[in-house]
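> Below is target_1.pdb; it holds PDB, C-alpha atoms.
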ATOM      1  CA  MET A   1     -23.546 -19.640  -5.694  1.00  0.00           C
ATOM      2  CA  SER A   2     -23.915 -19.076  -1.958  1.00  0.00           C
ATOM      3  CA  PRO A   3     -26.593 -16.624  -0.734  1.00  0.00           C
ATOM      4  CA  LYS A   4     -23.902 -14.465   0.910  1.00  0.00           C
ATOM      5  CA  LYS A   5     -21.898 -14.180  -2.307  1.00  0.00           C
ATOM      6  CA  LEU A   6     -25.029 -13.202  -4.247  1.00  0.00           C
ATOM      7  CA  GLU A   7     -25.996 -10.672  -1.566  1.00  0.00           C
ATOM      8  CA  ILE A   8     -22.586  -8.982  -1.788  1.00  0.00           C
ATOM      9  CA  LEU A   9     -22.429  -8.920  -5.591  1.00  0.00           C
ATOM     10  CA  LYS A  10     -25.812  -7.164  -5.663  1.00  0.00           C
ATOM     11  CA  ILE A  11     -24.445  -4.171  -3.718  1.00  0.00           C
ATOM     12  CA  VAL A  12     -21.111  -3.780  -5.545  1.00  0.00           C
ATOM     13  CA  PRO A  13     -21.429  -0.466  -7.473  1.00  0.00           C
ATOM     14  CA  ILE A  14     -20.038  -1.831 -10.745  1.00  0.00           C
ATOM     15  CA  PHE A  15     -22.568  -4.682 -10.759  1.00  0.00           C
ATOM     16  CA  GLU A  16     -25.616  -2.501 -10.152  1.00  0.00           C
ATOM     17  CA  ASP A  17     -28.781  -3.317 -12.086  1.00  0.00           C
ATOM     18  CA  LEU A  18     -27.501  -6.715 -13.261  1.00  0.00           C
ATOM     19  CA  GLY A  19     -29.925  -9.612 -13.416  1.00  0.00           C
ATOM     20  CA  LEU A  20     -29.581 -12.915 -11.596  1.00  0.00           C
ATOM     21  CA  LYS A  21     -28.161 -14.680 -14.654  1.00  0.00           C
ATOM     22  CA  GLU A  22     -25.393 -12.092 -15.027  1.00  0.00           C
ATOM     23  CA  LEU A  23     -24.619 -12.105 -11.294  1.00  0.00           C
ATOM     24  CA  GLU A  24     -24.341 -15.887 -11.386  1.00  0.00           C
ATOM     25  CA  LYS A  25     -21.845 -15.557 -14.248  1.00  0.00           C
ATOM     26  CA  ILE A  26     -19.753 -13.228 -12.067  1.00  0.00           C
ATOM     27  CA  GLY A  27     -20.135 -15.494  -9.038  1.00  0.00           C
ATOM     28  CA  ALA A  28     -18.869 -18.460 -11.052  1.00  0.00           C
ATOM     29  CA  VAL A  29     -15.429 -16.844 -11.506  1.00  0.00           C
ATOM     30  CA  ALA A  30     -15.198 -15.146  -8.078  1.00  0.00           C
ATOM     31  CA  PHE A  31     -13.482 -17.051  -5.271  1.00  0.00           C
ATOM     32  CA  GLN A  32     -13.248 -16.348  -1.531  1.00  0.00           C
ATOM     33  CA  GLN A  33     -10.170 -15.559   0.525  1.00  0.00           C
ATOM     34  CA  SER A  34      -9.819 -14.766   4.246  1.00  0.00           C
ATOM     35  CA  TYR A  35      -7.485 -12.147   5.716  1.00  0.00           C
ATOM     36  CA  SER A  36      -6.711 -11.341   9.354  1.00  0.00           C
ATOM     37  CA  LYS A  37      -6.428  -7.982  11.108  1.00  0.00           C
ATOM     38  CA  ASP A  38      -3.198  -6.089  10.229  1.00  0.00           C
ATOM     39  CA  GLN A  39      -2.454  -8.464   7.338  1.00  0.00           C
ATOM     40  CA  VAL A  40      -1.185  -6.775   4.183  1.00  0.00           C
ATOM     41  CA  ILE A  41      -3.366  -7.777   1.231  1.00  0.00           C
ATOM     42  CA  LEU A  42      -1.442  -5.783  -1.375  1.00  0.00           C
ATOM     43  CA  PHE A  43       1.840  -3.923  -1.348  1.00  0.00           C
ATOM     44  CA  GLU A  44       2.307  -0.737  -3.335  1.00  0.00           C
ATOM     45  CA  GLU A  45       4.187  -1.531  -6.571  1.00  0.00           C
ATOM     46  CA  ASP A  46       3.025  -5.183  -6.559  1.00  0.00           C
ATOM     47  CA  GLY A  47       1.891  -6.533  -9.908  1.00  0.00           C
ATOM     48  CA  GLY A  48      -1.871  -6.410 -10.353  1.00  0.00           C
ATOM     49  CA  GLN A  49      -3.822  -9.390 -11.590  1.00  0.00           C
ATOM     50  CA  THR A  50      -6.827  -9.445  -9.250  1.00  0.00           C
ATOM     51  CA  LEU A  51      -9.949  -7.444  -8.402  1.00  0.00           C
ATOM     52  CA  PHE A  52     -10.909  -7.560  -4.711  1.00  0.00           C
ATOM     53  CA  ILE A  53     -14.447  -7.188  -3.328  1.00  0.00           C
ATOM     54  CA  VAL A  54     -14.984  -6.801   0.428  1.00  0.00           C
ATOM     55  CA  MET A  55     -17.506  -9.331   1.775  1.00  0.00           C
ATOM     56  CA  SER A  56     -16.959  -8.453   5.446  1.00  0.00           C
ATOM     57  CA  GLY A  57     -14.476  -6.564   7.621  1.00  0.00           C
ATOM     58  CA  GLN A  58     -12.615  -3.365   6.796  1.00  0.00           C
ATOM     59  CA  VAL A  59      -9.434  -2.460   4.927  1.00  0.00           C
ATOM     60  CA  LYS A  60      -7.429   0.716   4.545  1.00  0.00           C
ATOM     61  CA  ILE A  61      -5.861   1.937   1.309  1.00  0.00           C
ATOM     62  CA  SER A  62      -2.602   3.724   2.111  1.00  0.00           C
ATOM     63  CA  ARG A  63       0.703   5.011   0.795  1.00  0.00           C
ATOM     64  CA  ILE A  64       4.003   5.704   2.546  1.00  0.00           C
ATOM     65  CA  THR A  65       5.556   9.128   2.025  1.00  0.00           C
ATOM     66  CA  ASP A  66       9.250   9.700   1.337  1.00  0.00           C
ATOM     67  CA  ASP A  67       9.787  10.546   5.025  1.00  0.00           C
ATOM     68  CA  GLY A  68       8.131   7.308   6.164  1.00  0.00           C
ATOM     69  CA  ARG A  69       4.696   8.602   7.156  1.00  0.00           C
ATOM     70  CA  GLU A  70       1.572   6.634   6.300  1.00  0.00           C
ATOM     71  CA  VAL A  71      -1.188   8.484   4.437  1.00  0.00           C
ATOM     72  CA  ILE A  72      -4.536   6.673   4.421  1.00  0.00           C
ATOM     73  CA  LEU A  73      -6.421   7.373   1.209  1.00  0.00           C
ATOM     74  CA  ALA A  74      -9.622   5.457   1.978  1.00  0.00           C
ATOM     75  CA  VAL A  75     -11.283   2.955   4.277  1.00  0.00           C
ATOM     76  CA  MET A  76     -13.397   0.277   2.604  1.00  0.00           C
ATOM     77  CA  ALA A  77     -16.045  -2.096   3.943  1.00  0.00           C
ATOM     78  CA  GLU A  78     -18.728  -4.517   2.741  1.00  0.00           C
ATOM     79  CA  GLY A  79     -19.572  -4.128  -0.947  1.00  0.00           C
ATOM     80  CA  ASP A  80     -16.552  -1.949  -1.781  1.00  0.00           C
ATOM     81  CA  PHE A  81     -13.931  -3.036  -4.302  1.00  0.00           C
ATOM     82  CA  PHE A  82     -10.300  -2.237  -5.053  1.00  0.00           C
ATOM     83  CA  GLY A  83      -7.523  -3.231  -7.444  1.00  0.00           C
ATOM     84  CA  GLU A  84      -9.384  -2.190 -10.577  1.00  0.00           C
ATOM     85  CA  LEU A  85      -6.729   0.212 -11.928  1.00  0.00           C
ATOM     86  CA  SER A  86      -4.058  -2.458 -12.264  1.00  0.00           C
ATOM     87  CA  LEU A  87      -6.557  -4.741 -13.980  1.00  0.00           C
ATOM     88  CA  LEU A  88      -7.277  -2.111 -16.601  1.00  0.00           C
ATOM     89  CA  ASP A  89      -3.780  -0.807 -17.363  1.00  0.00           C
ATOM     90  CA  GLY A  90      -1.635  -3.786 -16.344  1.00  0.00           C
ATOM     91  CA  HIS A  91       0.635  -1.570 -14.223  1.00  0.00           C
ATOM     92  CA  SER A  92       1.702  -2.148 -10.620  1.00  0.00           C
ATOM     93  CA  ARG A  93      -0.489  -1.334  -7.620  1.00  0.00           C
ATOM     94  CA  SER A  94      -0.713   2.370  -6.776  1.00  0.00           C
ATOM     95  CA  ALA A  95      -1.166   1.852  -3.006  1.00  0.00           C
ATOM     96  CA  SER A  96      -0.985  -0.747  -0.261  1.00  0.00           C
ATOM     97  CA  VAL A  97      -4.072  -2.396   1.232  1.00  0.00           C
ATOM     98  CA  ILE A  98      -4.084  -3.547   4.873  1.00  0.00           C
ATOM     99  CA  CYS A  99      -6.828  -5.163   6.971  1.00  0.00           C
ATOM    100  CA  ILE A 100      -8.204  -3.039   9.798  1.00  0.00           C
ATOM    101  CA  LYS A 101     -10.584  -5.831  10.839  1.00  0.00           C
ATOM    102  CA  ASP A 102     -10.610  -9.524   9.934  1.00  0.00           C
ATOM    103  CA  ALA A 103     -11.969  -9.652   6.390  1.00  0.00           C
ATOM    104  CA  GLU A 104     -13.486 -11.971   3.815  1.00  0.00           C
ATOM    105  CA  MET A 105     -12.858 -11.093   0.175  1.00  0.00           C
ATOM    106  CA  LEU A 106     -14.153 -12.120  -3.201  1.00  0.00           C
ATOM    107  CA  LEU A 107     -11.384 -12.195  -5.800  1.00  0.00           C
ATOM    108  CA  ILE A 108     -11.728 -12.090  -9.585  1.00  0.00           C
ATOM    109  CA  ASN A 109      -8.708 -12.701 -11.801  1.00  0.00           C
ATOM    110  CA  ARG A 110      -7.825 -10.160 -14.488  1.00  0.00           C
ATOM    111  CA  ASP A 111      -8.573 -12.394 -17.483  1.00  0.00           C
ATOM    112  CA  ASP A 112     -11.978 -13.333 -16.061  1.00  0.00           C
ATOM    113  CA  PHE A 113     -12.812  -9.699 -15.283  1.00  0.00           C
ATOM    114  CA  LEU A 114     -11.877  -8.450 -18.746  1.00  0.00           C
ATOM    115  CA  LYS A 115     -13.954 -11.239 -20.255  1.00  0.00           C
ATOM    116  CA  LEU A 116     -16.920 -10.167 -18.089  1.00  0.00           C
ATOM    117  CA  ILE A 117     -16.584  -6.581 -19.359  1.00  0.00           C
ATOM    118  CA  HIS A 118     -16.811  -7.806 -22.951  1.00  0.00           C
ATOM    119  CA  GLU A 119     -19.805 -10.030 -22.185  1.00  0.00           C
ATOM    120  CA  ILE A 120     -21.623  -7.510 -19.942  1.00  0.00           C
ATOM    121  CA  PRO A 121     -20.797  -3.982 -21.255  1.00  0.00           C
ATOM    122  CA  SER A 122     -22.790  -2.232 -18.500  1.00  0.00           C
ATOM    123  CA  ILE A 123     -20.012  -3.231 -16.055  1.00  0.00           C
ATOM    124  CA  ALA A 124     -17.628  -0.924 -17.954  1.00  0.00           C
ATOM    125  CA  ILE A 125     -20.130   1.959 -17.786  1.00  0.00           C
ATOM    126  CA  HIS A 126     -20.609   1.522 -14.028  1.00  0.00           C
ATOM    127  CA  LEU A 127     -16.845   1.220 -13.569  1.00  0.00           C
ATOM    128  CA  LEU A 128     -16.261   4.546 -15.357  1.00  0.00           C
ATOM    129  CA  ARG A 129     -18.863   6.192 -13.138  1.00  0.00           C
ATOM    130  CA  GLU A 130     -17.252   4.784  -9.989  1.00  0.00           C
ATOM    131  CA  LEU A 131     -13.790   5.907 -11.078  1.00  0.00           C
ATOM    132  CA  SER A 132     -15.196   9.406 -11.651  1.00  0.00           C
ATOM    133  CA  ASN A 133     -16.707   9.404  -8.156  1.00  0.00           C
ATOM    134  CA  ARG A 134     -13.387   8.367  -6.655  1.00  0.00           C
ATOM    135  CA  LEU A 135     -11.560  11.090  -8.576  1.00  0.00           C
ATOM    136  CA  ARG A 136     -13.969  13.692  -7.190  1.00  0.00           C
ATOM    137  CA  LYS A 137     -13.411  12.363  -3.659  1.00  0.00           C
ATOM    138  CA  SER A 138      -9.657  12.558  -4.159  1.00  0.00           C
ATOM    139  CA  ASP A 139      -9.936  16.166  -5.315  1.00  0.00           C
ATOM    140  CA  SER A 140     -12.025  16.973  -2.247  1.00  0.00           C
ATOM    141  CA  GLN A 141      -9.477  15.258   0.011  1.00  0.00           C
ATOM    142  CA  ILE A 142      -6.593  17.225  -1.513  1.00  0.00           C
ATOM    143  CA  LYS A 143      -8.519  20.466  -0.986  1.00  0.00           C
ATOM    144  CA  SER A 144      -9.233  19.529   2.646  1.00  0.00           C
ATOM    145  CA  LEU A 145      -5.605  18.678   3.398  1.00  0.00           C
ATOM    146  CA  SER A 146      -4.200  21.801   1.750  1.00  0.00           C
ATOM    147  CA  LEU A 147      -6.704  24.537   2.607  1.00  0.00           C
ATOM    148  CA  LYS A 148      -8.474  23.689   5.881  1.00  0.00           C
ATOM    149  CA  ASN A 149      -7.381  24.226   9.482  1.00  0.00           C
ATOM    150  CA  SER A 150      -7.050  21.343  11.957  1.00  0.00           C
ATOM    151  CA  THR A 151     -10.768  21.269  12.807  1.00  0.00           C
ATOM    152  CA  GLY A 152     -11.664  21.303   9.127  1.00  0.00           C
ATOM    153  CA  LYS A 153      -9.265  18.455   8.360  1.00  0.00           C
ATOM    154  CA  VAL A 154     -10.664  16.294  11.171  1.00  0.00           C
ATOM    155  CA  THR A 155     -14.335  16.983  10.446  1.00  0.00           C
ATOM    156  CA  SER A 156     -13.778  16.366   6.725  1.00  0.00           C
ATOM    157  CA  THR A 157     -12.192  13.026   7.602  1.00  0.00           C
ATOM    158  CA  ILE A 158     -15.109  12.070   9.850  1.00  0.00           C
ATOM    159  CA  TYR A 159     -17.547  13.054   7.123  1.00  0.00           C
ATOM    160  CA  ARG A 160     -15.643  10.979   4.556  1.00  0.00           C
ATOM    161  CA  LEU A 161     -15.652   7.965   6.890  1.00  0.00           C
ATOM    162  CA  ALA A 162     -19.397   8.402   7.395  1.00  0.00           C
ATOM    163  CA  GLN A 163     -19.945   8.389   3.643  1.00  0.00           C
ATOM    164  CA  ASP A 164     -17.688   5.379   3.097  1.00  0.00           C
ATOM    165  CA  ILE A 165     -18.580   3.057   5.992  1.00  0.00           C
ATOM    166  CA  GLY A 166     -21.326   4.799   7.978  1.00  0.00           C
ATOM    167  CA  THR A 167     -24.863   3.565   8.616  1.00  0.00           C
ATOM    168  CA  LYS A 168     -27.662   6.173   8.687  1.00  0.00           C
ATOM    169  CA  ASN A 169     -30.635   5.876  11.027  1.00  0.00           C
ATOM    170  CA  GLY A 170     -32.861   8.942  10.912  1.00  0.00           C
ATOM    171  CA  SER A 171     -30.662  11.955  11.564  1.00  0.00           C
ATOM    172  CA  ARG A 172     -27.917   9.828  13.135  1.00  0.00           C
ATOM    173  CA  MET A 173     -24.934   8.432  11.259  1.00  0.00           C
ATOM    174  CA  ALA A 174     -22.961   5.654  12.968  1.00  0.00           C
ATOM    175  CA  ILE A 175     -19.409   4.838  11.911  1.00  0.00           C
ATOM    176  CA  THR A 176     -19.249   1.275  13.228  1.00  0.00           C
ATOM    177  CA  ASN A 177     -15.812  -0.036  14.210  1.00  0.00           C
ATOM    178  CA  ALA A 178     -14.372   3.439  13.688  1.00  0.00           C
ATOM    179  CA  PRO A 179     -10.660   3.560  12.827  1.00  0.00           C
ATOM    180  CA  THR A 180      -8.151   4.296  15.574  1.00  0.00           C
ATOM    181  CA  GLN A 181      -7.213   7.892  16.274  1.00  0.00           C
ATOM    182  CA  GLN A 182      -3.831   7.243  14.677  1.00  0.00           C
ATOM    183  CA  ASP A 183      -5.480   5.941  11.493  1.00  0.00           C
ATOM    184  CA  MET A 184      -7.762   8.979  11.464  1.00  0.00           C
ATOM    185  CA  ALA A 185      -4.681  11.192  11.848  1.00  0.00           C
ATOM    186  CA  ASN A 186      -3.108   9.433   8.860  1.00  0.00           C
ATOM    187  CA  MET A 187      -6.252  10.142   6.865  1.00  0.00           C
ATOM    188  CA  ALA A 188      -6.430  13.784   7.912  1.00  0.00           C
ATOM    189  CA  GLY A 189      -2.742  14.545   7.470  1.00  0.00           C
ATOM    190  CA  THR A 190      -2.403  15.632  11.084  1.00  0.00           C
ATOM    191  CA  SER A 191      -1.300  14.260  14.476  1.00  0.00           C
ATOM    192  CA  ARG A 192      -3.098  11.853  16.823  1.00  0.00           C
ATOM    193  CA  GLU A 193      -3.068  14.601  19.457  1.00  0.00           C
ATOM    194  CA  THR A 194      -4.941  16.925  17.095  1.00  0.00           C
ATOM    195  CA  ILE A 195      -7.516  14.210  16.403  1.00  0.00           C
ATOM    196  CA  SER A 196      -8.020  13.702  20.147  1.00  0.00           C
ATOM    197  CA  ARG A 197      -8.374  17.436  20.796  1.00  0.00           C
ATOM    198  CA  VAL A 198     -10.889  18.025  17.997  1.00  0.00           C
ATOM    199  CA  LEU A 199     -12.905  14.907  18.877  1.00  0.00           C
ATOM    200  CA  THR A 200     -13.156  16.077  22.495  1.00  0.00           C
ATOM    201  CA  LYS A 201     -14.398  19.454  21.254  1.00  0.00           C
ATOM    202  CA  LEU A 202     -17.009  17.776  19.025  1.00  0.00           C
ATOM    203  CA  PHE A 203     -18.148  15.514  21.886  1.00  0.00           C
ATOM    204  CA  ASN A 204     -18.511  18.494  24.226  1.00  0.00           C
ATOM    205  CA  GLU A 205     -20.448  20.523  21.632  1.00  0.00           C
ATOM    206  CA  GLY A 206     -22.903  17.665  21.032  1.00  0.00           C
ATOM    207  CA  TYR A 207     -21.958  16.785  17.463  1.00  0.00           C
ATOM    208  CA  LEU A 208     -20.594  13.328  18.275  1.00  0.00           C
ATOM    209  CA  VAL A 209     -20.979  10.539  20.824  1.00  0.00           C
ATOM    210  CA  LYS A 210     -19.065   7.295  21.274  1.00  0.00           C
ATOM    211  CA  GLU A 211     -21.170   4.142  21.506  1.00  0.00           C
ATOM    212  CA  GLY A 212     -18.928   1.146  22.021  1.00  0.00           C
ATOM    213  CA  SER A 213     -16.663   0.914  18.975  1.00  0.00           C
ATOM    214  CA  ALA A 214     -18.936   3.211  16.969  1.00  0.00           C
ATOM    215  CA  LEU A 215     -18.463   6.936  16.438  1.00  0.00           C
ATOM    216  CA  VAL A 216     -21.927   8.481  16.032  1.00  0.00           C
ATOM    217  CA  ILE A 217     -22.755  11.796  14.381  1.00  0.00           C
ATOM    218  CA  LEU A 218     -25.976  12.815  16.139  1.00  0.00           C
ATOM    219  CA  ASP A 219     -27.305  15.097  13.395  1.00  0.00           C
ATOM    220  CA  PHE A 220     -25.621  14.337  10.074  1.00  0.00           C
ATOM    221  CA  GLU A 221     -27.243  17.216   8.172  1.00  0.00           C
ATOM    222  CA  LYS A 222     -26.219  19.758  10.819  1.00  0.00           C
ATOM    223  CA  PHE A 223     -22.695  18.326  10.869  1.00  0.00           C
ATOM    224  CA  HIS A 224     -22.500  18.733   7.098  1.00  0.00           C
ATOM    225  CA  LYS A 225     -23.929  22.266   7.235  1.00  0.00           C
ATOM    226  CA  ASP A 226     -21.580  23.435  10.009  1.00  0.00           C
ATOM    227  CA  PHE A 227     -18.309  21.872   8.856  1.00  0.00           C
ATOM    228  CA  ILE A 228     -18.319  20.691   5.233  1.00  0.00           C
TER
END
The structure given in the file should be rewritten as structure tokens.


Amino acid sequence: MSPKKLEILKIVPIFEDLGLKELEKIGAVAFQQSYSKDQVILFEEDGGQTLFIVMSGQVKISRITDDGREVILAVMAEGDFFGELSLLDGHSRSASVICIKDAEMLLINRDDFLKLIHEIPSIAIHLLRELSNRLRKSDSQIKSLSLKNSTGKVTSTIYRLAQDIGTKNGSRMAITNAPTQQDMANMAGTSRETISRVLTKLFNEGYLVKEGSALVILDFEKFHKDFI
């Protein structure tokens, strides 16, 4: 198994606390696949036979509403995984997955994954915990979209991005390769113009700065205290 593959498997939440022998067993059935920016990895309603693990790059999980609008449910980066629901229940995919940045993936077929669960029961326990965490995040997102004003929707989206793909350094939290304003609008359930207006306000008030492609929260604890 390559060092990079081992490094990624170690940080996947459902493989936490596994020993080298168990990780090697997972690595033996996981294979790599490359995807380019804007490429669709999965379409909503596709059949589901594969678990995907992000080795590098970023992807967005999204659905299209009846009136044709895109709603982004999550952004995923290195160490994150998706496609687990279809593996467990055998039903079609519940959302589409599209590359935001060029990405490398590890893929595990359904039969191999189910066999791993039987051989390494702790994977199932970690998977249940991760599904619970995602359900809580979804509840929080629904509350944000339905109850908060435009500033609350945008700041909640920035906070969620920071939790999902941010890197903390002291009090600072950097969202590297931050999504476009349109993608952020699709996450927040608002318009790109609203995103631009609120971001400008947050820049002027000293909560955020832009550093290249990164969106940086200067004081993450204060940001959480004031907006979340």

> Which one is closest to Val97 of chain A: A:Ser144, A:Ser171, A:Ser191, A:Ser62? Count only C-alpha atoms.

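Among the listed residues, A:Ser62 lies closest to Val97 of chain A.
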
> Would you kindly translate the PyMOL selection byres ((chain A and resi 45) around 10) into the concrete residues it picks from this file, as a list in words?

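So the PyMOL selection byres ((chain A and resi 45) around 10), applied here, picks out Leu42, Phe43, Glu44, Asp46, Gly47, Gly48, His91, Ser92, Arg93, Ser94, Ala95 and Ser96 of chain A.
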
> Excluding segment 194-205 of chain A and any residue of its chain fewer than 5 positions from it, enumerate the residues within 7 Å of it, using only C-alpha atoms, and give them as a list of chain:residue names.

A:Thr151, A:Val154, A:Gln181, A:Ala185

> Would you mind listing, for every residue of segment 38-72 of chain A within 12 Å of segment 4-22 of chain A, the two atoms forming the shortest contact and the distance between them in Å to one decimal, using only C-alpha atoms, sorted by chain and ascending residue number, as JSON lines?


{"residue": "A:Leu51", "atom": "CA", "partner": "A:Ile14", "partner_atom": "CA", "distance": 11.8}
{"residue": "A:Phe52", "atom": "CA", "partner": "A:Val12", "partner_atom": "CA", "distance": 10.9}
{"residue": "A:Ile53", "atom": "CA", "partner": "A:Val12", "partner_atom": "CA", "distance": 7.8}
{"residue": "A:Val54", "atom": "CA", "partner": "A:Ile8", "partner_atom": "CA", "distance": 8.2}
{"residue": "A:Met55", "atom": "CA", "partner": "A:Ile8", "partner_atom": "CA", "distance": 6.2}
{"residue": "A:Ser56", "atom": "CA", "partner": "A:Ile8", "partner_atom": "CA", "distance": 9.2}

> Any chance you could work out the residue set of the PyMOL selection byres ((chain A and resi 156) around 9) here, as a list in words?

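Applying the PyMOL selection byres ((chain A and resi 156) around 9) to the structure shown produces Gln141, Ser144, Thr151, Gly152, Lys153, Val154, Thr155, Thr157, Ile158, Tyr159, Arg160, Leu161, Ala188, Phe227 and Ile228 of chain A.
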